[in-house]
Structures are given as C-alpha cells and as structure tokens.
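Only one structure is covered here, and it is reproduced in the block below.
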Amino acid sequence: MSKEFDIQEYMTHGVERVVKDSLRATLKDPKESIFMGKFALATKKASDTRRRYEADGLHVPPFLIASITSNCNLHCAGCYSRQNEATKDCEPVNQLTDDNWLSIFNEAEDLGISFILLAGGEPLLRKGVIKAAATKPNILFPIFTNGVFISDEYFDLFDKNRNLVPIMSIEGHKEATDARRGEGIYEKLISNMETFKNNGQIFGNSVTVTTENFDDVLSDDFVSMLQGYGCKAVIYVEYVPVSEESKHLALEEASEERLRARIAELREKYEDMVFISFPGDEKSSGGCVAAGRGFFHINSHGGAEPCPFSPFSDTNVMDMGLKGAISSRLFEVLQSGDILKDDHVGGCVLFEKKDQVEAILQEA
C-alpha cells in the first residue's frame with residue numbers, strides 16, 4: 001500500500017459518510033431510521049473487524065459487488081456485461097446456488113464487509129439469493145435492477161427487510177430511458193417509484209452517465225423528479241466504453257471534474273438524498289479502488305475479479321473462500337503495481353488496460 005495514501009482509512013471514512021448521509025435522508029421514515037441506526041452500529045463493528053485483519057496483514061475491503069446471475073430479460077444498448085459475455089440469453093450454467101451465496105454472505109459478515117452490491121444480469125431473477133441476503137441485517141444489499149420484475153412479493157420483501165435496497169436503473173427522462181432499455185421501461189419504473197412512495201419504502205436509482213445524457217441526468221429537473229417520487233439514493237455510474245464505436249460516450253477529464261463538482265452541489269441542495277459517484281474521484285483517492293483495494297467482484301460462477309468491467313480471475317471463492325480471493329496473486333500484483341493509479345479515459349482503468357491484466361494472468 002502507498003505510504004502517502006491509506007486505503008483502509010479512505011474506505012472506512014467513505015462507509016461512514018454513506019451511513020451518515022443515509023441516516024439524514026431517512027429521518028422522516030421511522031422504520032428506515034430505526035434500521036439505519038442499527039446498521040450504523042454494525043458498520044462501526046465491521047470497521048473494527050477490518051482494522052484487526054489489517055493489523056494481521058490482510059486488507060479486507062468494505063464493499064463487494066456480486067453478479068448473482070448471467071440471465072437478463074433486457075438488451076440494453078452498450079451493456080458491458082453482454083459485451084464481456086457475462087450475461088447471455090441461454091439458461092445459466094454452473095452458477096452458484098442460493099446456499100453458495102449464503103455462505104459467501106456469512107463469510108463476508110465475519111470479515112467485516114458492510115456492503116454487497118447485487119447485480120447480474122438481472123438479480124431479481126434469483127429470488128432465493130435475495131431471500132438469503134435478507135437474513136443478513138448487518139450487511140446492506142443495494143440491488144441493481146432494471147425494475148421489470150418488481151412485484152407485490154418483492155414490495156413486501158423489501159418492506160420487511162430494510163437491508164435490501166432496490167436501485168432501479170434509469171437513463172434520464174422517458175425518451176433516453178426507453179431508447180437504451182426498451183419501450184415501456186420508463187413507465188414501469190415510474191409505477192414502481194409511485195408504489196414505493198405510497199408504501200413508505202426506501203429505494204434508489206442508478207444512472208449511467210454518458211456524453212449524451214450528462215446535462216439531463218444532472219439537472220435539477222431530473223433530480224427533483226426523482227426526489228418527488230421518494231428516491232433516497234442516486235448512484236451515478238460513469239459509462240465505460242465496451243467497443244471502439246462507443247468510446248465517444250465516455251466522459252473526458254473535464255466532464256469528470258464537472259460531474260464531481262455537480263455531485264457536491266447536489267449533496268448540499270438535496271439533503272434528504274444520498275448521492276454517490278462510481279468510480280468517483282479516483283484520482284484524489286490514490287487510484288482505482290478495485291481488485292480488493294476497496295472492493296472486488298464475484299461473478300455468477302464464483303470467480304473473483306478485479307471489477308465487473310475487468311472480467312479476469314485466478315481464484316474462485318468456492319475453492320479459496322473470500323480470504324483466498326482477497327489474497328489472490330492477481331489482486332496482489334494489481335495493488336502493488338502502477339496500473340490502478342494510471343490516468344485513463346472513461347470510468348475504468350482496468351477495462352482500458354485489459355491486455356496488461358491478461359498478461360499478469362499468463363505470468364502465473
């Protein structure tokens with residue numbers, strides 16, 4: 001780890017800020033406030049656990065991203081998961097079982113991991129995994145969903161288990177959302193948001209930021225619309241180009257700086273909402289926090305990867321557990337080298353430098 005930058009301290013403070021902002025955002029919701037109060041205590045305990053492991057030479061990130069299925073009902077334009085062939089239309093093969101995922105969640109809690117982002121494919125297709133996550137109240141599970149499969153059963157499950165937080169993907173207003181995700185998706189999202197609001201349930205939205213929707217999704221008009229429906233968290237994800245043809249959609253440095261400045265304004269203006277930028281201000285955090293520095297990715301087969309945009313692995317969590325994955329040779333080489341600290345175009349340095357990541361694997 002760099003002497004100038006303490007990743008453990010940076011990520012710990014990041015967790016504390018998210019929890020603090022979430023507490024503030026839920027003050028008017030007694031049910032949610034009670035949960036967030038308990039979760040705040042759990043994150044402090046988890047942070048202490050990670051510090052103990054750090055003292056023993058094992059750096060445990062506070063976040064995981066888990067792609068729990070390779071199946072998806074949509075074909076969104078520019079989808080990185082389909083480009084990487086991590087999402088397909090065929091029946092999933094050799095995917096982890098519900099019990100496998102529960103074992104991973106159990107070990108994650110023991111290691112002091114506080115957040116596990118559930119993704120896919122479409123994660124709500126794995127109802128058993130979602131129910132397994134519901135049994136771990138000390139871990140917050142943001143569920144990145146296209147929203148199509150949110151039903152009365154899921155509304156009830158989310159209400160009874162406040163550690164499950166649906167994060168519905170939206171690309172801006174109707175035209176932009178339906179253009180990327182399919183006709184009728186925007187209206188389904190609006191219907192879901194209205195139901196969440198009427199039920200007094202917390203939810204968030206994920207927004208992929210491109211050069212085409214930049215001004216729209218960062219506008220007061222858009223954010224106020226989400227606020228009006230009761231959205232409590234907006235996660236801005238910088239677009240990662242999946243081909244040469246889509247590179248023009250990736251933000252350049254000037255736009256990235258505008259994004260960070262605008263998010264700072266939004267945090268001041270909309271105090272009842274949480275705003276997160278991914279990958280966010282990497283340059284001031286000592287570089288990319290993937291590959292176990294701040295988080296890593298587990299694919300639907302159990303492979304431990306640096307991040308969803310860098311689908312390379314030398315370790316499977318079913319063979320080595322999370323401890324083994326955290327200590328994998330690939331992660332250690334990436335953390336000790338300069339790749340994660342390099343300048344890059346778009347949201348992911350590892351995606352841009354995939355040839356170098358592949359070379360590390362071939363050296364083993």
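Each chain in the structure tokens gets a letter, A, B, ..., in the order shown, and its residues are numbered from 1; ligands are numbered from 1 in order too.
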Name the residues in contact with segment 50-64 of chain A at a cut-off of 12 Å, using only C-alpha atoms, excluding same-chain residues fewer than 5 positions from it; report them as a PyMOL selection string.
-> chain A and resi 1+6-16+43-45+104-105+107-119+139-142+289-299+304-308+322-328+331-332+335
Run DSSP on the backbone and grab whatever in segment 80-140 of chain A lands in alpha helix (DSSP H); send it over as a PyMOL selection string.
-> chain A and resi 80-83+98-111+127-134
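For the atom pair formed by atom CA of Asp355 of chain A and atom CA of Ser336 of chain A, the distance is 17.6 Å, given to one decimal.
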Name the residues of segment 106-323 of chain A that come out as strand (DSSP E or B) in a backbone DSSP run; write them as an MDAnalysis selection string.
-> chainID A and resid 115:119 140:145 164:169 204:209 233:238 274:278 297:298 303:305 307 310 316
Write out as a list in words which residues come within 12 Å of Arg267 of chain A when counting only C-alpha atoms, dropping same-chain ones fewer than 4 positions away.
-> Arg17, Val18, Asp21, Ser22, Arg24, Ala25, Leu218, Val223, Lys232, Ala233, Val234, Arg260, Ala261, Arg262, Ile263, Glu271, Asp272, Met273, Val274, Phe275, Ile276 and Ser277 of chain A
Which residue, A:Val93, A:Thr69, A:Ile167, A:Asn316, has the smallest gap to Lys127 of chain A when you use only C-alpha atoms?
-> A:Thr69
Tell me which protein, DNA and RNA residues are within 10 Å of segment 183-185 of chain A, counting only C-alpha atoms, leaving out same-chain ones fewer than 3 positions away, and put them as number ranges by chain.
-> A: 74, 146-148, 169-170, 174-175, 177-180, 188-191
Kindly export the residues of the current selection with C-alpha atoms, as a CSV table (one decimal), in the first residue's frame.
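File written: result-v2.csv
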chain,number,residue,atom,x,y,z
A,74,LEU,CA,-33.4,-6.8,-21.4
A,146,ASN,CA,-33.9,-2.9,-14.3
A,147,GLY,CA,-37.2,-2.9,-12.2
A,148,VAL,CA,-39.2,-5.1,-14.5
A,169,SER,CA,-31.6,1.8,-13.4
A,170,ILE,CA,-32.9,4.9,-15.3
A,174,LYS,CA,-38.7,8.8,-20.9
A,175,GLU,CA,-37.0,9.2,-24.3
A,177,THR,CA,-34.5,5.5,-20.8
A,178,ASP,CA,-36.7,3.7,-23.4
A,179,ALA,CA,-34.1,4.3,-26.1
A,180,ARG,CA,-31.4,2.4,-24.2
A,188,LYS,CA,-42.7,0.7,-15.3
A,189,LEU,CA,-40.0,2.5,-13.3
A,190,ILE,CA,-42.4,5.4,-12.6
A,191,SER,CA,-45.1,2.9,-11.5
Counting only C-alpha atoms, figure out which residue out of A:Val209, A:Leu259, A:Val333, A:Leu266 gets nearest to Leu361 of chain A.
->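 Checking each of A:Val209, A:Leu259, A:Val333, A:Leu266 against Leu361 of chain A, counting only C-alpha atoms, the winner is A:Val333.
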Would you list the contacts of Met318 of chain A as a ChimeraX atom specification, taking every protein, DNA or RNA residue within 9 Å and counting only C-alpha atoms, but skipping same-chain residues closer than 5 positions in sequence?
-> /A:96,100,104,301-303
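Atom to atom, atom CA of Asp216 of chain A and atom CA of Ala176 of chain A stand 9.5 Å apart.
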In terms of the shortest atom-to-atom distance over only C-alpha atoms, which of A:Ser224, A:Asn213, A:Ser255, A:Thr208 is closest to Phe144 of chain A?
->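 For Phe144 of chain A, the nearest of the given residues is A:Thr208.
Taking atom CA of Thr211 of chain A and atom CA of Leu340 of chain A as the two end points, the separation is 23.9 Å.
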Find the spatial neighbours of Thr210 of chain A, counting only C-alpha atoms, within a cut-off of 9 Å - ignore same-chain residues fewer than 2 positions away - and output them as a PyMOL selection string.
-> chain A and resi 208+212-214+237-240+248-251
Find the spatial neighbours of Ile150 of chain A, counting only C-alpha atoms, within a cut-off of 8 Å - ignore same-chain residues fewer than 3 positions away - and output them as a list in words.
-> Leu124, Gly147, Glu153, Tyr154, Phe155 and Asn192 of chain A
Write the residues of the selection above to a file with N, CA and C atoms, as a PDB file, in the first residue's frame.
ATOM      1  N   LEU A 124     -33.016  -9.815  -9.677  1.00  0.00           N
ATOM      2  CA  LEU A 124     -34.306 -10.217  -9.116  1.00  0.00           C
ATOM      3  C   LEU A 124     -34.813 -11.532  -9.703  1.00  0.00           C
ATOM      4  N   GLY A 147     -35.862  -3.218 -12.797  1.00  0.00           N
ATOM      5  CA  GLY A 147     -37.174  -2.894 -12.247  1.00  0.00           C
ATOM      6  C   GLY A 147     -38.342  -3.675 -12.808  1.00  0.00           C
ATOM      7  N   GLU A 153     -44.790  -9.374  -4.291  1.00  0.00           N
ATOM      8  CA  GLU A 153     -43.952 -10.189  -3.392  1.00  0.00           C
ATOM      9  C   GLU A 153     -42.664  -9.457  -3.055  1.00  0.00           C
ATOM     10  N   TYR A 154     -42.061  -8.808  -4.038  1.00  0.00           N
ATOM     11  CA  TYR A 154     -40.824  -8.080  -3.767  1.00  0.00           C
ATOM     12  C   TYR A 154     -41.090  -6.809  -2.951  1.00  0.00           C
ATOM     13  N   PHE A 155     -42.181  -6.117  -3.229  1.00  0.00           N
ATOM     14  CA  PHE A 155     -42.518  -4.952  -2.413  1.00  0.00           C
ATOM     15  C   PHE A 155     -42.624  -5.356  -0.947  1.00  0.00           C
ATOM     16  N   ASN A 192     -43.277   1.749 -10.343  1.00  0.00           N
ATOM     17  CA  ASN A 192     -42.599   1.193  -9.161  1.00  0.00           C
ATOM     18  C   ASN A 192     -42.332   2.276  -8.127  1.00  0.00           C
TER      19      ASN A 192
END
Looking at A:Met168, A:Phe149, A:Gln356, A:Ser300, which one is nearest to Val129 of chain A, with distances taken over only C-alpha atoms?
-> A:Ser300
